[in-house]
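Trainee: Enclosed is the structure file model-v4.csv (CSV, C-alpha atoms).
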```
chain,number,residue,atom,x,y,z
H,211,MET,CA,107.0,62.9,-100.8
H,212,ALA,CA,105.2,66.0,-100.2
H,213,ARG,CA,103.2,66.5,-97.1
H,214,VAL,CA,99.5,66.1,-97.7
H,215,LEU,CA,96.4,67.0,-95.6
H,216,ILE,CA,93.1,65.4,-96.5
H,217,ASN,CA,90.0,66.0,-94.5
H,218,LEU,CA,87.0,63.8,-95.0
H,219,PRO,CA,84.6,62.0,-92.7
H,220,ALA,CA,85.7,58.4,-91.8
H,221,ARG,CA,82.0,57.4,-91.7
H,222,ALA,CA,79.0,58.5,-93.6
H,223,LYS,CA,75.4,57.5,-94.2
H,224,ARG,CA,74.6,56.0,-97.6
H,225,GLY,CA,73.7,58.8,-100.0
H,226,GLU,CA,75.1,61.5,-97.8
H,227,ILE,CA,76.9,64.4,-99.6
H,228,ILE,CA,80.3,64.7,-98.0
H,229,GLU,CA,82.9,67.5,-98.3
H,230,ILE,CA,86.5,66.5,-99.0
H,231,LYS,CA,89.2,69.1,-98.4
H,232,THR,CA,92.8,68.5,-99.7
H,233,LEU,CA,96.0,70.3,-99.4
H,234,ILE,CA,99.5,69.4,-100.6
H,235,ALA,CA,102.8,71.0,-99.8
H,236,HIS,CA,104.2,72.4,-103.1
H,237,PRO,CA,105.8,75.7,-104.1
H,238,MET,CA,103.7,76.1,-107.3
H,239,GLU,CA,106.5,78.1,-108.9
H,240,THR,CA,104.8,80.1,-111.6
H,241,GLY,CA,107.7,80.5,-114.0
H,242,TYR,CA,107.2,84.3,-114.0
H,243,ARG,CA,109.4,85.1,-111.1
H,244,VAL,CA,113.1,86.1,-111.4
H,245,GLY,CA,115.7,84.5,-109.2
H,246,PRO,CA,118.6,86.3,-107.4
H,247,ALA,CA,120.9,85.9,-110.5
H,248,GLY,CA,118.3,87.6,-112.7
H,249,ALA,CA,117.3,84.4,-114.5
H,250,ALA,CA,113.7,83.3,-114.6
H,251,ILE,CA,112.9,80.6,-112.1
H,252,PRO,CA,111.6,77.7,-114.1
H,253,ARG,CA,107.9,76.8,-113.8
H,254,ASP,CA,107.1,73.9,-111.5
H,255,ILE,CA,103.5,73.5,-110.6
H,256,ILE,CA,101.0,70.7,-109.9
H,257,ASN,CA,98.9,70.8,-113.0
H,258,ARG,CA,96.5,67.9,-112.4
H,259,PHE,CA,94.5,66.6,-109.5
H,260,LEU,CA,92.3,63.6,-109.6
H,261,CYS,CA,90.0,61.9,-107.1
H,262,THR,CA,88.5,58.5,-107.6
H,263,TYR,CA,86.0,56.7,-105.4
H,264,ASN,CA,86.4,52.9,-105.6
H,265,GLY,CA,88.0,53.3,-109.0
H,266,GLU,CA,85.4,55.7,-110.4
H,267,GLU,CA,86.4,59.3,-111.1
H,268,VAL,CA,84.4,61.7,-109.0
H,269,PHE,CA,86.4,64.9,-109.3
H,270,ARG,CA,89.3,66.3,-111.3
H,271,ALA,CA,91.1,69.6,-111.5
H,272,GLU,CA,93.5,71.2,-114.0
H,273,LEU,CA,95.6,73.8,-112.3
H,274,PHE,CA,97.5,76.8,-113.6
H,275,PRO,CA,100.2,79.1,-112.1
H,276,ALA,CA,97.5,81.3,-110.6
H,277,ILE,CA,96.8,78.6,-108.0
H,278,VAL,CA,98.6,79.4,-104.7
H,279,ALA,CA,101.6,77.5,-103.2
H,280,ASN,CA,100.4,74.5,-101.2
H,281,PRO,CA,97.3,74.2,-103.4
H,282,PHE,CA,94.0,73.7,-101.5
H,283,ILE,CA,91.1,72.1,-103.2
H,284,ALA,CA,87.7,71.4,-101.6
H,285,PHE,CA,84.8,69.6,-103.3
H,286,PHE,CA,81.9,67.3,-102.6
H,287,THR,CA,81.0,63.8,-103.4
H,288,ILE,CA,78.2,61.3,-102.5
H,289,ALA,CA,79.1,58.6,-100.1
H,290,THR,CA,77.8,55.6,-102.1
H,291,GLU,CA,79.5,52.6,-100.5
H,292,SER,CA,82.4,51.7,-98.2
H,293,GLY,CA,85.8,51.6,-99.8
H,294,GLU,CA,88.8,53.6,-100.9
H,295,ILE,CA,89.0,57.2,-102.0
H,296,VAL,CA,92.2,57.8,-103.9
H,297,PHE,CA,93.7,61.2,-104.5
H,298,SER,CA,96.5,61.9,-106.9
H,299,TRP,CA,98.5,65.1,-107.8
H,300,THR,CA,100.7,65.3,-110.9
H,301,ASP,CA,103.4,67.9,-111.3
H,302,ASP,CA,105.1,69.4,-114.3
H,303,HIS,CA,107.8,66.7,-114.2
H,304,GLY,CA,105.1,64.1,-114.6
H,305,GLU,CA,105.6,62.8,-111.1
H,306,THR,CA,102.4,61.7,-109.3
H,307,GLN,CA,101.8,61.5,-105.6
H,308,THR,CA,98.9,59.2,-104.6
H,309,GLU,CA,97.1,59.1,-101.2
H,310,VAL,CA,94.4,56.6,-100.2
H,311,ARG,CA,91.7,57.1,-97.6
H,312,GLN,CA,89.1,54.7,-96.4
H,313,ILE,CA,85.5,55.5,-95.9
H,314,THR,CA,82.9,53.4,-94.1
H,315,VAL,CA,79.3,53.9,-95.4
H,316,GLU,CA,76.5,52.5,-93.4
U,192,MET,CA,109.8,85.5,-101.5
U,193,ASP,CA,112.9,86.6,-99.7
U,194,GLU,CA,115.6,85.2,-101.8
U,195,ARG,CA,118.4,87.3,-100.5
U,196,SER,CA,121.5,85.1,-100.5
U,197,PRO,CA,125.1,86.4,-100.0
U,198,GLY,CA,125.6,86.5,-103.8
U,199,ALA,CA,122.3,88.4,-104.4
U,200,PRO,CA,122.5,91.7,-106.2
U,201,THR,CA,122.0,94.7,-103.9
U,202,ARG,CA,119.1,97.1,-104.5
U,203,ARG,CA,121.6,99.7,-105.8
U,204,LEU,CA,123.1,97.3,-108.3
U,205,VAL,CA,119.7,96.3,-109.6
U,206,LEU,CA,118.6,99.9,-110.0
U,207,LEU,CA,121.8,100.8,-111.8
U,208,THR,CA,121.5,97.9,-114.1
U,209,ALA,CA,117.9,98.6,-114.8
U,210,ALA,CA,118.7,102.2,-115.5
U,211,GLY,CA,121.6,101.2,-117.7
U,212,PHE,CA,119.5,99.0,-119.9
U,213,GLY,CA,116.5,101.3,-119.8
U,214,LEU,CA,114.4,98.8,-118.1
U,215,ALA,CA,113.0,101.0,-115.4
U,216,PRO,CA,110.1,98.7,-114.6
U,217,LEU,CA,111.6,95.2,-114.4
U,218,ALA,CA,110.8,93.3,-117.5
U,219,ARG,CA,107.6,91.3,-116.8
U,220,PRO,CA,106.1,88.9,-119.2
U,221,ALA,CA,103.2,90.3,-121.1
U,222,GLY,CA,100.2,89.7,-118.9
U,223,ALA,CA,96.8,88.6,-119.7
U,224,THR,CA,94.4,91.4,-120.8
U,225,PRO,CA,90.6,91.5,-120.7
U,226,ALA,CA,90.9,90.6,-124.4
U,227,ALA,CA,93.1,87.6,-123.7
U,228,MET,CA,90.6,86.5,-121.2
U,229,GLU,CA,87.7,86.8,-123.6
U,230,GLU,CA,89.8,84.8,-126.1
U,231,ALA,CA,90.5,82.1,-123.6
U,232,ILE,CA,86.8,81.9,-122.8
U,233,ARG,CA,85.9,81.8,-126.5
U,234,ALA,CA,88.4,78.9,-126.9
U,235,LEU,CA,86.4,77.0,-124.2
U,236,VAL,CA,82.9,77.8,-125.2
U,237,GLY,CA,83.3,78.1,-128.9
U,238,GLU,CA,80.2,79.6,-130.6
U,239,ALA,CA,77.9,78.8,-127.6
U,240,ALA,CA,76.3,81.7,-125.7
U,241,VAL,CA,77.4,82.2,-122.1
U,242,GLU,CA,74.4,83.2,-120.0
U,243,ARG,CA,74.6,85.0,-116.7
U,244,GLY,CA,73.1,83.1,-113.7
U,245,LYS,CA,73.1,79.8,-112.0
U,246,VAL,CA,76.8,80.3,-111.1
U,247,LYS,CA,77.9,82.1,-107.9
U,248,LEU,CA,81.5,83.1,-107.7
U,249,GLU,CA,82.6,84.1,-104.2
U,250,LEU,CA,85.7,86.1,-103.6
U,251,PRO,CA,86.5,88.7,-101.0
U,252,PRO,CA,85.7,92.1,-102.6
U,253,ILE,CA,88.9,93.6,-101.1
U,254,VAL,CA,92.0,91.4,-100.8
U,255,GLU,CA,95.0,92.5,-98.8
U,256,ASN,CA,97.3,89.9,-100.0
U,257,GLY,CA,97.0,88.8,-103.6
U,258,ASN,CA,99.2,85.8,-103.0
U,259,THR,CA,96.4,83.9,-101.5
U,260,VAL,CA,92.8,84.7,-102.2
U,261,PRO,CA,90.0,82.2,-101.2
U,262,LEU,CA,87.6,81.4,-104.0
U,263,THR,CA,84.4,79.4,-104.0
U,264,VAL,CA,82.2,78.6,-107.0
U,265,THR,CA,78.7,77.3,-106.4
U,266,VAL,CA,76.5,76.2,-109.3
U,267,ASP,CA,72.7,75.9,-108.8
U,268,SER,CA,72.2,72.4,-110.2
U,269,PRO,CA,70.4,69.3,-109.0
U,270,MET,CA,73.5,67.3,-110.0
U,271,SER,CA,71.3,64.4,-111.2
U,272,GLU,CA,72.1,62.0,-114.0
U,273,ALA,CA,69.9,64.0,-116.3
U,274,ASP,CA,70.9,67.5,-115.3
U,275,HIS,CA,74.4,68.2,-113.9
U,276,VAL,CA,77.5,70.3,-114.2
U,277,THR,CA,80.4,68.8,-116.1
U,278,GLY,CA,82.9,71.5,-115.7
U,279,ILE,CA,83.7,74.7,-113.8
U,280,HIS,CA,86.3,77.0,-115.3
U,281,VAL,CA,87.8,80.1,-113.7
U,282,PHE,CA,89.5,83.0,-115.6
U,283,ASN,CA,91.1,86.3,-114.7
U,284,GLU,CA,91.9,89.5,-116.6
U,285,LYS,CA,95.3,90.6,-115.4
U,286,ASN,CA,97.5,87.7,-114.2
U,287,PRO,CA,100.2,86.6,-116.6
U,288,GLN,CA,97.8,83.9,-117.9
U,289,PRO,CA,94.1,84.2,-118.3
U,290,TYR,CA,93.3,80.6,-117.0
U,291,VAL,CA,93.1,80.1,-113.3
U,292,ALA,CA,91.8,76.5,-112.9
U,293,ALA,CA,89.4,74.1,-114.5
U,294,PHE,CA,87.4,71.5,-112.5
U,295,GLY,CA,85.7,68.4,-113.8
U,296,LEU,CA,82.8,67.0,-111.9
U,297,GLY,CA,79.6,65.0,-112.5
U,298,PRO,CA,76.5,63.5,-110.9
U,299,ARG,CA,78.7,61.8,-108.3
U,300,ALA,CA,79.6,65.2,-106.8
U,301,GLY,CA,76.2,65.6,-105.1
U,302,LYS,CA,76.5,69.3,-105.2
U,303,ALA,CA,78.4,71.6,-107.6
U,304,VAL,CA,80.6,73.5,-105.1
U,305,VAL,CA,84.3,73.9,-105.5
U,306,SER,CA,86.7,75.9,-103.3
U,307,THR,CA,90.4,76.7,-103.8
U,308,ARG,CA,92.9,79.5,-103.2
U,309,ILE,CA,94.3,81.6,-106.1
U,310,ARG,CA,96.8,84.3,-106.8
U,311,LEU,CA,95.8,87.7,-108.2
U,312,ALA,CA,98.4,90.0,-109.7
U,313,ASP,CA,96.2,93.1,-109.7
U,314,SER,CA,92.8,94.4,-109.0
U,315,GLN,CA,90.7,92.8,-111.7
U,316,GLN,CA,87.6,90.9,-112.7
U,317,VAL,CA,87.4,87.2,-112.1
U,318,VAL,CA,85.1,85.0,-114.2
U,319,ALA,CA,83.7,81.6,-113.4
U,320,ILE,CA,82.0,79.6,-116.2
U,321,ALA,CA,80.1,76.4,-115.7
U,322,ARG,CA,79.4,73.9,-118.4
U,323,LEU,CA,76.3,71.8,-118.0
U,324,ASN,CA,75.7,68.3,-119.5
U,325,ASP,CA,73.2,69.8,-122.0
U,326,GLY,CA,76.0,71.9,-123.5
U,327,SER,CA,75.0,75.2,-122.1
U,328,PHE,CA,77.3,77.6,-120.4
U,329,TRP,CA,76.6,79.8,-117.4
U,330,SER,CA,78.8,82.4,-115.8
U,331,ASP,CA,79.3,84.9,-113.0
U,332,ARG,CA,81.8,87.8,-112.7
U,333,THR,CA,83.2,89.4,-109.6
U,334,ASP,CA,85.4,92.5,-109.3
U,335,VAL,CA,88.2,92.2,-106.8
U,336,VAL,CA,90.4,95.0,-105.4
U,337,VAL,CA,93.9,93.8,-104.5
U,338,THR,CA,96.0,96.0,-102.3
U,339,LEU,CA,99.2,93.9,-102.3
U,340,ALA,CA,99.6,92.1,-105.6
U,341,ALA,CA,101.0,88.6,-106.0
U,342,CYS,CA,104.4,88.4,-107.7
U,343,ALA,CA,105.0,92.0,-106.8
U,344,GLU,CA,108.5,91.1,-105.9
U,345,GLY,CA,109.0,89.5,-109.3
```
Could you write out this structure as structure tokens?
Mentor:
Amino acid sequence: MARVLINLPARAKRGEIIEIKTLIAHPMETGYRVGPAGAAIPRDIINRFLCTYNGEEVFRAELFPAIVANPFIAFFTIATESGEIVFSWTDDHGETQTEVRQITVE
Amino acid sequence: MDERSPGAPTRRLVLLTAAGFGLAPLARPAGATPAAMEEAIRALVGEAAVERGKVKLELPPIVENGNTVPLTVTVDSPMSEADHVTGIHVFNEKNPQPYVAAFGLGPRAGKAVVSTRIRLADSQQVVAIARLNDGSFWSDRTDVVVTLAACAEG
């Protein structure tokens, strides 16, 4: 499991626009670099990111090799109700890492 | 980055090999060109016209390290049910691939602002295109000067 940093407010007012910042540890190997033996290092990147708020999709991203190692993505969403915000990152091998954060809306 | 292991070829060996095969500049995959970028943009927007405005693409004008370049795209939109941004797409001219990232959002976003960090292989123009729910496309272009390119060690 890769290390993940997610920054969002634990509490928000109803209807408030909140910023969510995410970062996941990943080499984002482009597939264009050459290893010590002269062979190309195979591509291995996170190509998809999805954020859902109580099951409803609020943000998604499709990533390409031009995104840096340890991809950082920041975006906004409206705090509509208390509940779960779920983040998932999917890599080239089809493996998905999921993180859940709680938010309290008052 | 630094991948020197005991078995790694020395600089001399690499240079000799390169000279021997006539590969003075290490063989790099054919990169994206401004034409390839326009093609990728065309594939996204189809026949629709891309208008300038509404979108603000923020990148530092001079980048010391192309391996990590902060990028923010802001779209001037009320983000209401009736009028919102559905996608933000970022392209570049000279990386190996023209596509940088594509973001999907909707009225739940509150405001159409996305930030990330990208790699830039050379000084070039970066383009951000926003797709609105009415099917129109808006764009912004920024020129970036990169002093140390990403993948330079490639």
Trainee: Per residue of range 256-315 of chain H within 12 Å of range 326-342 of chain U, what are the shortest atom pair and its distance in Å to one decimal, counting all atoms listed in the file, with rows by chain and residue number, as JSON lines?
Mentor:
```
{"residue": "H:Pro275", "atom": "CA", "partner": "U:Cys342", "partner_atom": "CA", "distance": 11.1}
{"residue": "H:Ala276", "atom": "CA", "partner": "U:Ala341", "partner_atom": "CA", "distance": 9.3}
{"residue": "H:Ile277", "atom": "CA", "partner": "U:Ala341", "partner_atom": "CA", "distance": 11.0}
{"residue": "H:Val278", "atom": "CA", "partner": "U:Ala341", "partner_atom": "CA", "distance": 9.6}
{"residue": "H:Ala279", "atom": "CA", "partner": "U:Ala341", "partner_atom": "CA", "distance": 11.5}
```
Trainee: Keeping only C-alpha atoms, write the selected residues to a file as a PDB file, keeping the file's coordinate frame.
Mentor:
```pdb
ATOM      1  CA  PRO H 275     100.200  79.100-112.100  1.00  0.00           C
ATOM      2  CA  ALA H 276      97.500  81.300-110.600  1.00  0.00           C
ATOM      3  CA  ILE H 277      96.800  78.600-108.000  1.00  0.00           C
ATOM      4  CA  VAL H 278      98.600  79.400-104.700  1.00  0.00           C
ATOM      5  CA  ALA H 279     101.600  77.500-103.200  1.00  0.00           C
TER       6      ALA H 279
END
```
Trainee: What's the 7 Å shell around Thr240 in chain H, counting only C-alpha atoms, without same-chain residues fewer than 3 positions away, as a JSON list (two decimals) with C-alpha atoms, in the frame of the given file?
Mentor:
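Done, and the output landed in out07.json:
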```json
[["chain", "number", "residue", "atom", "x", "y", "z"],
["H", 243, "ARG", "CA", 109.40, 85.10, -111.10],
["H", 253, "ARG", "CA", 107.90, 76.80, -113.80],
["H", 254, "ASP", "CA", 107.10, 73.90, -111.50],
["H", 255, "ILE", "CA", 103.50, 73.50, -110.60],
["H", 275, "PRO", "CA", 100.20, 79.10, -112.10]]
```
Trainee: Using all atoms listed in the file, which of U:Glu242, U:Ile309, U:Val304, U:Gly295 sits nearest Arg258 in chain H?
Mentor: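 Ranked by minimum distance to Arg258 in chain H, first place goes to U:Gly295.
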Trainee: In Å, with one decimal, what is the gap from CA of Ala234 in chain U to CA of Asn286 in chain U?
Mentor: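 Those two atoms sit 17.9 Å apart.
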Trainee: To one decimal place in Å, what is the distance between CA of Val246 in chain U and CA of Leu323 in chain U?
Mentor: 11.0 Å
Trainee: Pull the closest atom pair for each residue of chain H that gets at most 8 Å from chain U, along with the distance in Å to one decimal, counting all atoms listed in the file, ordering rows by chain and then ascending residue number, as JSON lines.
Mentor:
```
{"residue": "H:Ile227", "atom": "CA", "partner": "U:Gly301", "partner_atom": "CA", "distance": 5.7}
{"residue": "H:Tyr242", "atom": "CA", "partner": "U:Pro220", "partner_atom": "CA", "distance": 7.0}
{"residue": "H:Arg243", "atom": "CA", "partner": "U:Gly345", "partner_atom": "CA", "distance": 4.8}
{"residue": "H:Val244", "atom": "CA", "partner": "U:Gly345", "partner_atom": "CA", "distance": 5.7}
{"residue": "H:Gly245", "atom": "CA", "partner": "U:Glu194", "partner_atom": "CA", "distance": 7.4}
{"residue": "H:Pro246", "atom": "CA", "partner": "U:Ala199", "partner_atom": "CA", "distance": 5.2}
{"residue": "H:Ala247", "atom": "CA", "partner": "U:Ala199", "partner_atom": "CA", "distance": 6.7}
{"residue": "H:Val268", "atom": "CA", "partner": "U:Arg299", "partner_atom": "CA", "distance": 5.7}
{"residue": "H:Phe269", "atom": "CA", "partner": "U:Leu296", "partner_atom": "CA", "distance": 4.9}
{"residue": "H:Arg270", "atom": "CA", "partner": "U:Gly295", "partner_atom": "CA", "distance": 4.9}
{"residue": "H:Ala271", "atom": "CA", "partner": "U:Phe294", "partner_atom": "CA", "distance": 4.3}
{"residue": "H:Glu272", "atom": "CA", "partner": "U:Ala293", "partner_atom": "CA", "distance": 5.0}
{"residue": "H:Leu273", "atom": "CA", "partner": "U:Ala292", "partner_atom": "CA", "distance": 4.7}
{"residue": "H:Phe274", "atom": "CA", "partner": "U:Val291", "partner_atom": "CA", "distance": 5.5}
{"residue": "H:Pro275", "atom": "CA", "partner": "U:Val291", "partner_atom": "CA", "distance": 7.3}
{"residue": "H:Ala276", "atom": "CA", "partner": "U:Arg310", "partner_atom": "CA", "distance": 4.9}
{"residue": "H:Ile277", "atom": "CA", "partner": "U:Ile309", "partner_atom": "CA", "distance": 4.3}
{"residue": "H:Val278", "atom": "CA", "partner": "U:Ile309", "partner_atom": "CA", "distance": 5.0}
{"residue": "H:Pro281", "atom": "CA", "partner": "U:Arg308", "partner_atom": "CA", "distance": 6.9}
{"residue": "H:Phe282", "atom": "CA", "partner": "U:Thr307", "partner_atom": "CA", "distance": 5.2}
{"residue": "H:Ile283", "atom": "CA", "partner": "U:Thr307", "partner_atom": "CA", "distance": 4.7}
{"residue": "H:Ala284", "atom": "CA", "partner": "U:Ser306", "partner_atom": "CA", "distance": 4.9}
{"residue": "H:Phe285", "atom": "CA", "partner": "U:Val305", "partner_atom": "CA", "distance": 4.9}
{"residue": "H:Phe286", "atom": "CA", "partner": "U:Ala300", "partner_atom": "CA", "distance": 5.2}
{"residue": "H:Thr287", "atom": "CA", "partner": "U:Ala300", "partner_atom": "CA", "distance": 3.9}
{"residue": "H:Ile288", "atom": "CA", "partner": "U:Gly301", "partner_atom": "CA", "distance": 5.4}
```
Trainee: Interatomic distance between CA of Val266 in chain U and CA of Ala321 in chain U?
Mentor: 7.3 Å
Trainee: Using only C-alpha atoms, can you tell me which of H:Asp301, H:Glu239, H:Glu291, H:Glu226 comes closest to Ile256 in chain H?
Mentor: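 The closest residue to Ile256 in chain H is H:Asp301.
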Trainee: Measuring atom to atom with only C-alpha atoms, identify which of H:Val214, H:Glu229, H:Met238, H:Glu316 is nearest to Ser298 in chain H.
Mentor: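 The closest residue to Ser298 in chain H is H:Val214.
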Trainee: I'd like to know which of U:Ala226, U:Arg233, U:Glu272, U:Ala319 is closest to Leu248 in chain U, using all atoms listed in the file.
Mentor: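 Using all atoms listed in the file, the shortest distance to Leu248 in chain U belongs to U:Ala319.
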